[in-house]
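> Below is the file start_9.pdb, with PDB, C-alpha atoms and all ligand atoms.
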ATOM      1  CA  MET A   1    -139.993  20.110 118.141  1.00  0.00           C
ATOM      2  CA  LYS A   2    -142.293  22.733 116.688  1.00  0.00           C
ATOM      3  CA  LYS A   3    -140.804  24.987 113.964  1.00  0.00           C
ATOM      4  CA  SER A   4    -141.081  28.039 116.249  1.00  0.00           C
ATOM      5  CA  TRP A   5    -139.048  26.197 118.926  1.00  0.00           C
ATOM      6  CA  TRP A   6    -136.261  25.418 116.426  1.00  0.00           C
ATOM      7  CA  ILE A   7    -136.242  29.079 115.389  1.00  0.00           C
ATOM      8  CA  LEU A   8    -135.932  30.139 119.053  1.00  0.00           C
ATOM      9  CA  PHE A   9    -133.112  27.605 119.507  1.00  0.00           C
ATOM     10  CA  LEU A  10    -131.146  28.802 116.459  1.00  0.00           C
ATOM     11  CA  LEU A  11    -131.761  32.449 117.379  1.00  0.00           C
ATOM     12  CA  SER A  12    -130.532  31.855 120.946  1.00  0.00           C
ATOM     13  CA  VAL A  13    -127.361  30.123 119.710  1.00  0.00           C
ATOM     14  CA  ALA A  14    -126.791  32.903 117.144  1.00  0.00           C
ATOM     15  CA  ILE A  15    -127.195  35.600 119.824  1.00  0.00           C
ATOM     16  CA  MET A  16    -124.972  33.857 122.395  1.00  0.00           C
ATOM     17  CA  LEU A  17    -122.135  32.506 120.203  1.00  0.00           C
ATOM     18  CA  PRO A  18    -120.417  35.877 119.529  1.00  0.00           C
ATOM     19  CA  PHE A  19    -120.308  36.413 123.317  1.00  0.00           C
ATOM     20  CA  VAL A  20    -119.061  32.887 124.022  1.00  0.00           C
ATOM     21  CA  ILE A  21    -116.345  32.601 121.323  1.00  0.00           C
ATOM     22  CA  PRO A  22    -113.813  35.078 122.880  1.00  0.00           C
ATOM     23  CA  TYR A  23    -113.642  32.843 125.970  1.00  0.00           C
ATOM     24  CA  LEU A  24    -112.936  29.597 124.093  1.00  0.00           C
ATOM     25  CA  SER A  25    -109.325  30.695 123.491  1.00  0.00           C
ATOM     26  CA  LEU A  26    -108.809  30.513 127.296  1.00  0.00           C
ATOM     27  CA  ASN A  27    -106.808  33.725 126.986  1.00  0.00           C
ATOM     28  CA  PRO A  28    -107.749  36.350 129.623  1.00  0.00           C
ATOM     29  CA  ALA A  29    -106.577  39.082 127.206  1.00  0.00           C
ATOM     30  CA  SER A  30    -109.539  38.206 124.923  1.00  0.00           C
ATOM     31  CA  SER A  31    -112.103  38.685 127.711  1.00  0.00           C
ATOM     32  CA  ARG A  32    -114.833  41.220 126.962  1.00  0.00           C
ATOM     33  CA  ILE A  33    -115.182  42.066 130.645  1.00  0.00           C
ATOM     34  CA  VAL A  34    -112.443  43.480 132.875  1.00  0.00           C
ATOM     35  CA  ILE A  35    -110.448  40.683 134.522  1.00  0.00           C
ATOM     36  CA  SER A  36    -109.059  41.648 137.924  1.00  0.00           C
ATOM     37  CA  SER A  37    -108.054  38.116 138.918  1.00  0.00           C
ATOM     38  CA  ARG A  38    -106.587  35.651 136.449  1.00  0.00           C
ATOM     39  CA  ALA A  39    -106.395  32.989 139.158  1.00  0.00           C
ATOM     40  CA  LEU A  40    -110.049  33.024 140.257  1.00  0.00           C
ATOM     41  CA  GLN A  41    -112.320  35.335 138.260  1.00  0.00           C
ATOM     42  CA  TYR A  42    -111.200  34.251 134.784  1.00  0.00           C
ATOM     43  CA  PRO A  43    -111.435  30.456 135.351  1.00  0.00           C
ATOM     44  CA  ALA A  44    -114.817  30.967 137.073  1.00  0.00           C
ATOM     45  CA  LEU A  45    -116.003  33.021 134.082  1.00  0.00           C
ATOM     46  CA  VAL A  46    -114.916  30.406 131.513  1.00  0.00           C
ATOM     47  CA  ILE A  47    -116.465  27.540 133.503  1.00  0.00           C
ATOM     48  CA  HIS A  48    -119.665  29.569 133.959  1.00  0.00           C
ATOM     49  CA  ILE A  49    -119.923  30.273 130.223  1.00  0.00           C
ATOM     50  CA  ILE A  50    -119.215  26.720 128.983  1.00  0.00           C
ATOM     51  CA  LEU A  51    -121.606  25.104 131.469  1.00  0.00           C
ATOM     52  CA  ALA A  52    -124.292  27.746 130.869  1.00  0.00           C
ATOM     53  CA  LEU A  53    -124.073  27.049 127.126  1.00  0.00           C
ATOM     54  CA  LEU A  54    -124.404  23.325 127.858  1.00  0.00           C
ATOM     55  CA  ALA A  55    -127.449  24.034 130.046  1.00  0.00           C
ATOM     56  CA  MET A  56    -129.018  26.137 127.295  1.00  0.00           C
ATOM     57  CA  THR A  57    -128.482  23.440 124.642  1.00  0.00           C
ATOM     58  CA  THR A  58    -129.652  20.494 126.750  1.00  0.00           C
ATOM     59  CA  GLY A  59    -132.560  22.647 127.994  1.00  0.00           C
ATOM     60  CA  PHE A  60    -133.845  23.111 124.443  1.00  0.00           C
ATOM     61  CA  LEU A  61    -133.613  19.347 123.783  1.00  0.00           C
ATOM     62  CA  GLN A  62    -135.663  18.562 126.901  1.00  0.00           C
ATOM     63  CA  PHE A  63    -138.718  20.127 125.231  1.00  0.00           C
ATOM     64  CA  HIS A  64    -138.471  17.728 122.247  1.00  0.00           C
ATOM     65  CA  LYS A  65    -141.739  15.769 122.576  1.00  0.00           C
ATOM     66  CA  THR A  66    -140.716  12.735 120.468  1.00  0.00           C
ATOM     67  CA  LEU A  67    -137.415  12.431 122.316  1.00  0.00           C
ATOM     68  CA  ARG A  68    -139.226  12.592 125.668  1.00  0.00           C
ATOM     69  CA  LYS A  69    -141.799   9.979 124.620  1.00  0.00           C
ATOM     70  CA  ASN A  70    -139.539   7.549 122.691  1.00  0.00           C
ATOM     71  CA  LYS A  71    -136.299   7.852 124.637  1.00  0.00           C
ATOM     72  CA  PRO A  72    -137.232   8.535 128.274  1.00  0.00           C
ATOM     73  CA  SER A  73    -133.802   7.400 129.492  1.00  0.00           C
ATOM     74  CA  LEU A  74    -132.135  10.038 127.262  1.00  0.00           C
ATOM     75  CA  HIS A  75    -134.522  12.651 128.691  1.00  0.00           C
ATOM     76  CA  VAL A  76    -133.413  11.635 132.203  1.00  0.00           C
ATOM     77  CA  LEU A  77    -129.715  11.718 131.229  1.00  0.00           C
ATOM     78  CA  LEU A  78    -129.980  15.131 129.532  1.00  0.00           C
ATOM     79  CA  GLY A  79    -132.004  16.347 132.503  1.00  0.00           C
ATOM     80  CA  LYS A  80    -129.176  15.388 134.844  1.00  0.00           C
ATOM     81  CA  VAL A  81    -126.692  17.206 132.571  1.00  0.00           C
ATOM     82  CA  TYR A  82    -128.992  20.282 132.530  1.00  0.00           C
ATOM     83  CA  VAL A  83    -129.387  20.359 136.332  1.00  0.00           C
ATOM     84  CA  SER A  84    -125.679  19.692 137.074  1.00  0.00           C
ATOM     85  CA  SER A  85    -124.541  22.372 134.584  1.00  0.00           C
ATOM     86  CA  ILE A  86    -126.816  24.934 136.227  1.00  0.00           C
ATOM     87  CA  LEU A  87    -125.770  24.026 139.765  1.00  0.00           C
ATOM     88  CA  LEU A  88    -122.089  24.379 138.819  1.00  0.00           C
ATOM     89  CA  SER A  89    -122.474  27.360 136.473  1.00  0.00           C
ATOM     90  CA  GLY A  90    -124.755  29.127 138.969  1.00  0.00           C
ATOM     91  CA  GLY A  91    -122.266  28.401 141.770  1.00  0.00           C
ATOM     92  CA  PHE A  92    -119.380  29.919 139.805  1.00  0.00           C
ATOM     93  CA  THR A  93    -121.601  32.916 139.007  1.00  0.00           C
ATOM     94  CA  LEU A  94    -121.513  33.823 142.722  1.00  0.00           C
ATOM     95  CA  ILE A  95    -117.731  34.299 142.388  1.00  0.00           C
ATOM     96  CA  LEU A  96    -118.225  36.473 139.291  1.00  0.00           C
ATOM     97  CA  ILE A  97    -120.751  38.661 141.111  1.00  0.00           C
ATOM     98  CA  GLY A  98    -118.040  39.420 143.684  1.00  0.00           C
ATOM     99  CA  TYR A  99    -115.994  41.043 140.890  1.00  0.00           C
ATOM    100  CA  GLU A 100    -118.874  43.085 139.424  1.00  0.00           C
ATOM    101  CA  PRO A 101    -118.129  46.759 140.226  1.00  0.00           C
ATOM    102  CA  ASP A 102    -121.643  48.140 139.624  1.00  0.00           C
ATOM    103  CA  TYR A 103    -123.984  47.487 142.579  1.00  0.00           C
ATOM    104  CA  GLY A 104    -127.218  47.502 140.543  1.00  0.00           C
ATOM    105  CA  ARG A 105    -125.799  45.087 137.970  1.00  0.00           C
ATOM    106  CA  ALA A 106    -124.377  42.829 140.681  1.00  0.00           C
ATOM    107  CA  LEU A 107    -127.789  42.756 142.385  1.00  0.00           C
ATOM    108  CA  SER A 108    -129.546  41.866 139.122  1.00  0.00           C
ATOM    109  CA  PHE A 109    -127.091  38.982 138.566  1.00  0.00           C
ATOM    110  CA  LEU A 110    -127.590  37.810 142.140  1.00  0.00           C
ATOM    111  CA  PHE A 111    -131.393  37.788 141.800  1.00  0.00           C
ATOM    112  CA  LEU A 112    -131.199  35.980 138.471  1.00  0.00           C
ATOM    113  CA  ASP A 113    -128.681  33.468 139.772  1.00  0.00           C
ATOM    114  CA  LEU A 114    -130.723  32.633 142.880  1.00  0.00           C
ATOM    115  CA  LEU A 115    -133.898  32.236 140.798  1.00  0.00           C
ATOM    116  CA  TRP A 116    -131.990  30.086 138.291  1.00  0.00           C
ATOM    117  CA  LEU A 117    -130.765  27.768 141.055  1.00  0.00           C
ATOM    118  CA  PHE A 118    -134.077  27.756 142.960  1.00  0.00           C
ATOM    119  CA  THR A 119    -136.348  26.936 139.989  1.00  0.00           C
ATOM    120  CA  THR A 120    -133.926  24.216 138.791  1.00  0.00           C
ATOM    121  CA  VAL A 121    -133.700  22.557 142.220  1.00  0.00           C
ATOM    122  CA  LYS A 122    -137.510  22.677 142.533  1.00  0.00           C
ATOM    123  CA  GLY A 123    -137.872  21.045 139.093  1.00  0.00           C
ATOM    124  CA  PHE A 124    -135.365  18.338 139.994  1.00  0.00           C
ATOM    125  CA  GLN A 125    -136.996  17.672 143.390  1.00  0.00           C
ATOM    126  CA  ALA A 126    -140.429  17.361 141.747  1.00  0.00           C
ATOM    127  CA  ALA A 127    -139.042  14.767 139.285  1.00  0.00           C
ATOM    128  CA  MET A 128    -137.474  12.819 142.160  1.00  0.00           C
ATOM    129  CA  ASN A 129    -140.877  12.854 143.926  1.00  0.00           C
ATOM    130  CA  LYS A 130    -142.524  11.700 140.663  1.00  0.00           C
ATOM    131  CA  ASP A 131    -144.741  14.824 140.649  1.00  0.00           C
ATOM    132  CA  PHE A 132    -144.427  15.316 136.892  1.00  0.00           C
ATOM    133  CA  GLU A 133    -146.976  18.137 136.651  1.00  0.00           C
ATOM    134  CA  ALA A 134    -144.942  20.251 139.105  1.00  0.00           C
ATOM    135  CA  HIS A 135    -141.703  19.047 137.428  1.00  0.00           C
ATOM    136  CA  LYS A 136    -142.885  20.400 134.058  1.00  0.00           C
ATOM    137  CA  LYS A 137    -143.893  23.787 135.537  1.00  0.00           C
ATOM    138  CA  TRP A 138    -140.658  24.331 137.500  1.00  0.00           C
ATOM    139  CA  MET A 139    -138.487  23.260 134.572  1.00  0.00           C
ATOM    140  CA  ILE A 140    -140.313  25.697 132.261  1.00  0.00           C
ATOM    141  CA  ARG A 141    -139.572  28.400 134.869  1.00  0.00           C
ATOM    142  CA  SER A 142    -135.952  27.258 135.137  1.00  0.00           C
ATOM    143  CA  PHE A 143    -135.507  27.364 131.360  1.00  0.00           C
ATOM    144  CA  ALA A 144    -137.056  30.857 131.235  1.00  0.00           C
ATOM    145  CA  MET A 145    -134.287  31.917 133.656  1.00  0.00           C
ATOM    146  CA  THR A 146    -131.657  30.214 131.464  1.00  0.00           C
ATOM    147  CA  LEU A 147    -132.988  32.153 128.476  1.00  0.00           C
ATOM    148  CA  THR A 148    -132.748  35.435 130.391  1.00  0.00           C
ATOM    149  CA  ALA A 149    -129.091  35.482 129.272  1.00  0.00           C
ATOM    150  CA  VAL A 150    -130.384  35.567 125.669  1.00  0.00           C
ATOM    151  CA  SER A 151    -133.194  38.089 126.292  1.00  0.00           C
ATOM    152  CA  ALA A 152    -130.763  40.380 128.144  1.00  0.00           C
ATOM    153  CA  ARG A 153    -128.758  40.704 124.923  1.00  0.00           C
ATOM    154  CA  ALA A 154    -131.821  40.819 122.640  1.00  0.00           C
ATOM    155  CA  VAL A 155    -133.480  43.718 124.535  1.00  0.00           C
ATOM    156  CA  VAL A 156    -130.426  46.010 124.228  1.00  0.00           C
ATOM    157  CA  PRO A 157    -131.620  47.757 120.985  1.00  0.00           C
ATOM    158  CA  LEU A 158    -135.039  48.297 122.593  1.00  0.00           C
ATOM    159  CA  LEU A 159    -133.454  49.764 125.728  1.00  0.00           C
ATOM    160  CA  ILE A 160    -131.300  52.085 123.604  1.00  0.00           C
ATOM    161  CA  LEU A 161    -134.462  53.284 121.854  1.00  0.00           C
ATOM    162  CA  THR A 162    -136.217  53.816 125.218  1.00  0.00           C
ATOM    163  CA  TYR A 163    -133.180  55.747 126.501  1.00  0.00           C
ATOM    164  CA  LEU A 164    -133.198  58.003 123.444  1.00  0.00           C
ATOM    165  CA  LEU A 165    -136.963  58.591 123.704  1.00  0.00           C
ATOM    166  CA  LEU A 166    -136.711  59.425 127.432  1.00  0.00           C
ATOM    167  CA  HIS A 167    -133.839  61.851 126.714  1.00  0.00           C
ATOM    168  CA  ARG A 168    -135.614  63.362 123.694  1.00  0.00           C
ATOM    169  CA  PHE A 169    -132.908  62.012 121.396  1.00  0.00           C
ATOM    170  CA  SER A 170    -130.070  63.788 123.226  1.00  0.00           C
ATOM    171  CA  LEU A 171    -127.078  62.082 124.887  1.00  0.00           C
ATOM    172  CA  PRO A 172    -126.503  63.957 128.206  1.00  0.00           C
ATOM    173  CA  ASP A 173    -123.663  61.574 129.206  1.00  0.00           C
ATOM    174  CA  GLY A 174    -122.383  60.866 125.716  1.00  0.00           C
ATOM    175  CA  ARG A 175    -122.663  57.632 123.761  1.00  0.00           C
ATOM    176  CA  MET A 176    -120.612  55.631 126.294  1.00  0.00           C
ATOM    177  CA  GLY A 177    -122.799  56.951 129.141  1.00  0.00           C
ATOM    178  CA  MET A 178    -125.868  55.661 127.319  1.00  0.00           C
ATOM    179  CA  ILE A 179    -124.339  52.207 126.703  1.00  0.00           C
ATOM    180  CA  GLU A 180    -123.273  51.995 130.347  1.00  0.00           C
ATOM    181  CA  GLU A 181    -126.794  52.862 131.579  1.00  0.00           C
ATOM    182  CA  VAL A 182    -128.345  50.323 129.211  1.00  0.00           C
ATOM    183  CA  LEU A 183    -125.943  47.550 130.255  1.00  0.00           C
ATOM    184  CA  ASP A 184    -126.538  48.326 133.932  1.00  0.00           C
ATOM    185  CA  ASN A 185    -130.252  47.686 133.449  1.00  0.00           C
ATOM    186  CA  ASN A 186    -130.647  45.033 130.734  1.00  0.00           C
ATOM    187  CA  ILE A 187    -130.554  42.068 133.161  1.00  0.00           C
ATOM    188  CA  TRP A 188    -133.448  43.505 135.202  1.00  0.00           C
ATOM    189  CA  ALA A 189    -135.455  44.233 132.046  1.00  0.00           C
ATOM    190  CA  ALA A 190    -134.899  40.711 130.657  1.00  0.00           C
ATOM    191  CA  LEU A 191    -135.570  39.037 133.996  1.00  0.00           C
ATOM    192  CA  ILE A 192    -138.920  40.817 134.440  1.00  0.00           C
ATOM    193  CA  LEU A 193    -139.850  40.191 130.790  1.00  0.00           C
ATOM    194  CA  ASN A 194    -139.089  36.449 130.932  1.00  0.00           C
ATOM    195  CA  PHE A 195    -140.806  36.131 134.302  1.00  0.00           C
ATOM    196  CA  ILE A 196    -144.006  37.718 132.977  1.00  0.00           C
ATOM    197  CA  ILE A 197    -143.958  35.642 129.766  1.00  0.00           C
ATOM    198  CA  VAL A 198    -143.470  32.341 131.603  1.00  0.00           C
ATOM    199  CA  GLU A 199    -146.106  32.992 134.278  1.00  0.00           C
ATOM    200  CA  TRP A 200    -148.575  34.190 131.627  1.00  0.00           C
ATOM    201  CA  TYR A 201    -147.897  30.953 129.701  1.00  0.00           C
ATOM    202  CA  LEU A 202    -148.332  28.753 132.768  1.00  0.00           C
ATOM    203  CA  LEU A 203    -151.593  30.475 133.719  1.00  0.00           C
ATOM    204  CA  LYS A 204    -153.050  29.874 130.253  1.00  0.00           C
ATOM    205  CA  PRO A 205    -155.712  27.138 130.023  1.00  0.00           C
ATOM    206  CA  ARG A 206    -153.949  23.869 129.217  1.00  0.00           C
ATOM    207  CA  ARG A 207    -155.375  23.402 125.708  1.00  0.00           C
ATOM    208  CA  GLU A 208    -153.918  26.790 124.652  1.00  0.00           C
ATOM    209  CA  GLN A 209    -150.396  25.807 125.755  1.00  0.00           C
ATOM    210  CA  LEU A 210    -147.852  24.905 123.108  1.00  0.00           C
ATOM    211  CA  SER A 211    -147.410  21.175 122.555  1.00  0.00           C
ATOM    212  CA  LEU A 212    -143.721  20.669 121.684  1.00  0.00           C
TER     213      LEU A 212
HETATM  214  C1  LIG A 301    -129.278  32.627 133.899  1.00  0.00           C
HETATM  215  C2  LIG A 301    -128.382  32.850 134.826  1.00  0.00           C
HETATM  216  C3  LIG A 301    -127.075  33.545 134.546  1.00  0.00           C
HETATM  217  C4  LIG A 301    -126.447  34.411 135.382  1.00  0.00           C
HETATM  218  C5  LIG A 301    -126.939  34.843 136.757  1.00  0.00           C
HETATM  219  C6  LIG A 301    -125.239  34.839 134.733  1.00  0.00           C
HETATM  220  C7  LIG A 301    -124.291  35.690 135.274  1.00  0.00           C
HETATM  221  C8  LIG A 301    -123.160  36.149 134.652  1.00  0.00           C
HETATM  222  C9  LIG A 301    -122.183  37.053 135.209  1.00  0.00           C
HETATM  223  C10 LIG A 301    -122.229  37.635 136.622  1.00  0.00           C
HETATM  224  C11 LIG A 301    -121.243  37.289 134.267  1.00  0.00           C
HETATM  225  C12 LIG A 301    -120.054  38.226 134.389  1.00  0.00           C
HETATM  226  C13 LIG A 301    -120.432  39.486 133.608  1.00  0.00           C
HETATM  227  C14 LIG A 301    -120.161  40.781 134.265  1.00  0.00           C
HETATM  228  O1  LIG A 301    -119.634  40.823 135.385  1.00  0.00           O
HETATM  229  O2  LIG A 301    -120.521  41.816 133.625  1.00  0.00           O
HETATM  230  C15 LIG A 301    -121.624  36.546 133.096  1.00  0.00           C
HETATM  231  C16 LIG A 301    -120.951  36.554 131.905  1.00  0.00           C
HETATM  232  C17 LIG A 301    -121.296  35.802 130.815  1.00  0.00           C
HETATM  233  N1  LIG A 301    -122.302  34.864 130.742  1.00  0.00           N
HETATM  234 FE1  LIG A 301    -123.665  34.468 132.156  1.00  0.00          FE
HETATM  235  N2  LIG A 301    -125.159  34.231 133.503  1.00  0.00           N
HETATM  236  C18 LIG A 301    -126.268  33.431 133.350  1.00  0.00           C
HETATM  237  C19 LIG A 301    -126.563  32.618 132.282  1.00  0.00           C
HETATM  238  C20 LIG A 301    -125.805  32.514 131.145  1.00  0.00           C
HETATM  239  C21 LIG A 301    -126.149  31.680 130.023  1.00  0.00           C
HETATM  240  C22 LIG A 301    -127.351  30.728 129.915  1.00  0.00           C
HETATM  241  C23 LIG A 301    -125.207  31.887 129.087  1.00  0.00           C
HETATM  242  C24 LIG A 301    -125.194  31.189 127.766  1.00  0.00           C
HETATM  243  C25 LIG A 301    -124.199  30.798 127.149  1.00  0.00           C
HETATM  244  C26 LIG A 301    -124.252  32.870 129.636  1.00  0.00           C
HETATM  245  C27 LIG A 301    -123.151  33.372 128.987  1.00  0.00           C
HETATM  246  C28 LIG A 301    -122.315  34.349 129.475  1.00  0.00           C
HETATM  247  C29 LIG A 301    -121.286  34.989 128.696  1.00  0.00           C
HETATM  248  C30 LIG A 301    -120.937  34.714 127.243  1.00  0.00           C
HETATM  249  C31 LIG A 301    -120.644  35.912 129.535  1.00  0.00           C
HETATM  250  C32 LIG A 301    -119.500  36.865 129.178  1.00  0.00           C
HETATM  251  C33 LIG A 301    -120.163  38.217 128.912  1.00  0.00           C
HETATM  252  C34 LIG A 301    -119.428  39.154 128.004  1.00  0.00           C
HETATM  253  O3  LIG A 301    -118.329  38.873 127.544  1.00  0.00           O
HETATM  254  O4  LIG A 301    -120.007  40.236 127.733  1.00  0.00           O
HETATM  255  N3  LIG A 301    -124.657  33.201 130.893  1.00  0.00           N
HETATM  256  N4  LIG A 301    -122.788  35.835 133.362  1.00  0.00           N
END
Let me see the structure of the file written as structure tokens.


Amino acid sequence: MKKSWWILFLLSVAIMLPFVIPYLSLNPASSRIVISSRALQYPALVIHIILALLAMTTGFLQFHKTLRKNKPSLHVLLGKVYVSSILLSGGFTLILIGYEPDYGRALSFLFLDLLWLFTTVKGFQAAMNKDFEAHKKWMIRSFAMTLTAVSARAVVPLLILTYLLLHRFSLPDGRMGMIEEVLDNNIWAALILNFIIVEWYLLKPRREQLSL
């Protein structure tokens, strides 16, 4: 893998781990989000997080050129792990969306989830049909959706800055009001950003595309 890809991998793990760790204790009291159902919402959340982390890790490995070329059977195996984790994690996300109190945030999760599932299924179908050009494109799109979870956290400082600029450095709804507004909109911002980046990349002439 190119050095820049390793950096992106380590950065993504570093950004996500602090969010993931509180859920590894399997104790609902350590949850960062409000848990209204310990019987359904909490298990769905933990399963979503663990499988999403697995999808993110296997997703990064799928872009390893040497691994793809020298160990095609491992690429196929990791690909199956990637697709199954997303199908399950994305399925459990639908339960989580039902517990999200903010309509705008719930809608952003729903859009992201459906795109996550759709692009992954398309990538898998293309591989099954041995259309490897389409497989590559759809899997790049799918992975861009996976990484939206990372971008959504990474854009928060930028959104805070935008909020302050738009409010001329005043806090009309206090500091908590600002954080709430930012967290109600970060998924949309990250989704649009990742979408633009990936489509711009795929539209680039082939020789300018990164060879991993
Ligand atoms: C890309 C599609 C994804 C969707 C649609 C999605 C959706 C969700 C939803 C609905 C929640 C509940 C949060 C809330 O209600 O405020 C959540 C939480 C969480 N997700 Fe995902 N997720 C996705 C990908 C990922 C990935 C790839 C990871 C990587 C590990 C991840 C890690 C987490 C974590 C750590 C939480 C707990 C959040 C917190 O404590 O602040 N998600 N996700």

> Can I get the residues close to ligand LIG 301 (chain A) as number ranges by chain, where close means within 7 Å and we count all atoms listed in the file?

A: 16, 19-20, 31-33, 45, 48-50, 52-53, 55-56, 90, 93, 96-97, 99-100, 106, 109-110, 112-113, 116, 145-149

> Hey, can you spit out that residue selection with C-alpha atoms as an mmCIF file, in the frame of the given file?


data_model
loop_
_atom_site.group_PDB
_atom_site.id
_atom_site.type_symbol
_atom_site.label_atom_id
_atom_site.label_comp_id
_atom_site.auth_asym_id
_atom_site.auth_seq_id
_atom_site.Cartn_x
_atom_site.Cartn_y
_atom_site.Cartn_z
ATOM 1 C CA MET A 16 -124.972 33.857 122.395
ATOM 2 C CA PHE A 19 -120.308 36.413 123.317
ATOM 3 C CA VAL A 20 -119.061 32.887 124.022
ATOM 4 C CA SER A 31 -112.103 38.685 127.711
ATOM 5 C CA ARG A 32 -114.833 41.220 126.962
ATOM 6 C CA ILE A 33 -115.182 42.066 130.645
ATOM 7 C CA LEU A 45 -116.003 33.021 134.082
ATOM 8 C CA HIS A 48 -119.665 29.569 133.959
ATOM 9 C CA ILE A 49 -119.923 30.273 130.223
ATOM 10 C CA ILE A 50 -119.215 26.720 128.983
ATOM 11 C CA ALA A 52 -124.292 27.746 130.869
ATOM 12 C CA LEU A 53 -124.073 27.049 127.126
ATOM 13 C CA ALA A 55 -127.449 24.034 130.046
ATOM 14 C CA MET A 56 -129.018 26.137 127.295
ATOM 15 C CA GLY A 90 -124.755 29.127 138.969
ATOM 16 C CA THR A 93 -121.601 32.916 139.007
ATOM 17 C CA LEU A 96 -118.225 36.473 139.291
ATOM 18 C CA ILE A 97 -120.751 38.661 141.111
ATOM 19 C CA TYR A 99 -115.994 41.043 140.890
ATOM 20 C CA GLU A 100 -118.874 43.085 139.424
ATOM 21 C CA ALA A 106 -124.377 42.829 140.681
ATOM 22 C CA PHE A 109 -127.091 38.982 138.566
ATOM 23 C CA LEU A 110 -127.590 37.810 142.140
ATOM 24 C CA LEU A 112 -131.199 35.980 138.471
ATOM 25 C CA ASP A 113 -128.681 33.468 139.772
ATOM 26 C CA TRP A 116 -131.990 30.086 138.291
ATOM 27 C CA MET A 145 -134.287 31.917 133.656
ATOM 28 C CA THR A 146 -131.657 30.214 131.464
ATOM 29 C CA LEU A 147 -132.988 32.153 128.476
ATOM 30 C CA THR A 148 -132.748 35.435 130.391
ATOM 31 C CA ALA A 149 -129.091 35.482 129.272
#

> Pick the closest to A:Ser151 from A:Trp188, A:Tyr163, A:Phe169, A:Trp6: which is it, counting all atoms listed in the file?

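Closest to A:Ser151 of all the choices is A:Trp188.
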
> Calculated over only C-alpha atoms, which of the candidates A:Leu117, A:Ala127, A:Leu87, A:Ile47 has the smallest distance to A:His75?

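The closest residue to A:His75 is A:Ala127.
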
> Measuring between all atoms listed in the file, which one of A:Ser108, A:Gly79, A:Ile21, A:Ala39 shows the shortest distance to A:His135?

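Selected residue with least distance to A:His135: A:Gly79.
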
> Name the residues captured by the PyMOL selection byres (((chain A and resi 183) around 10) and not hetatm) when it is applied to the shown file; answer as number ranges by chain.

A: 105, 152-153, 156, 159-160, 177-182, 184-188

> My list of candidates is A:Pro43, A:Arg68, A:Leu24, A:Ala126. Which is closest to A:Ser89 when distances are computed with all atoms listed in the file?

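Closest to A:Ser89 of all the choices is A:Pro43.
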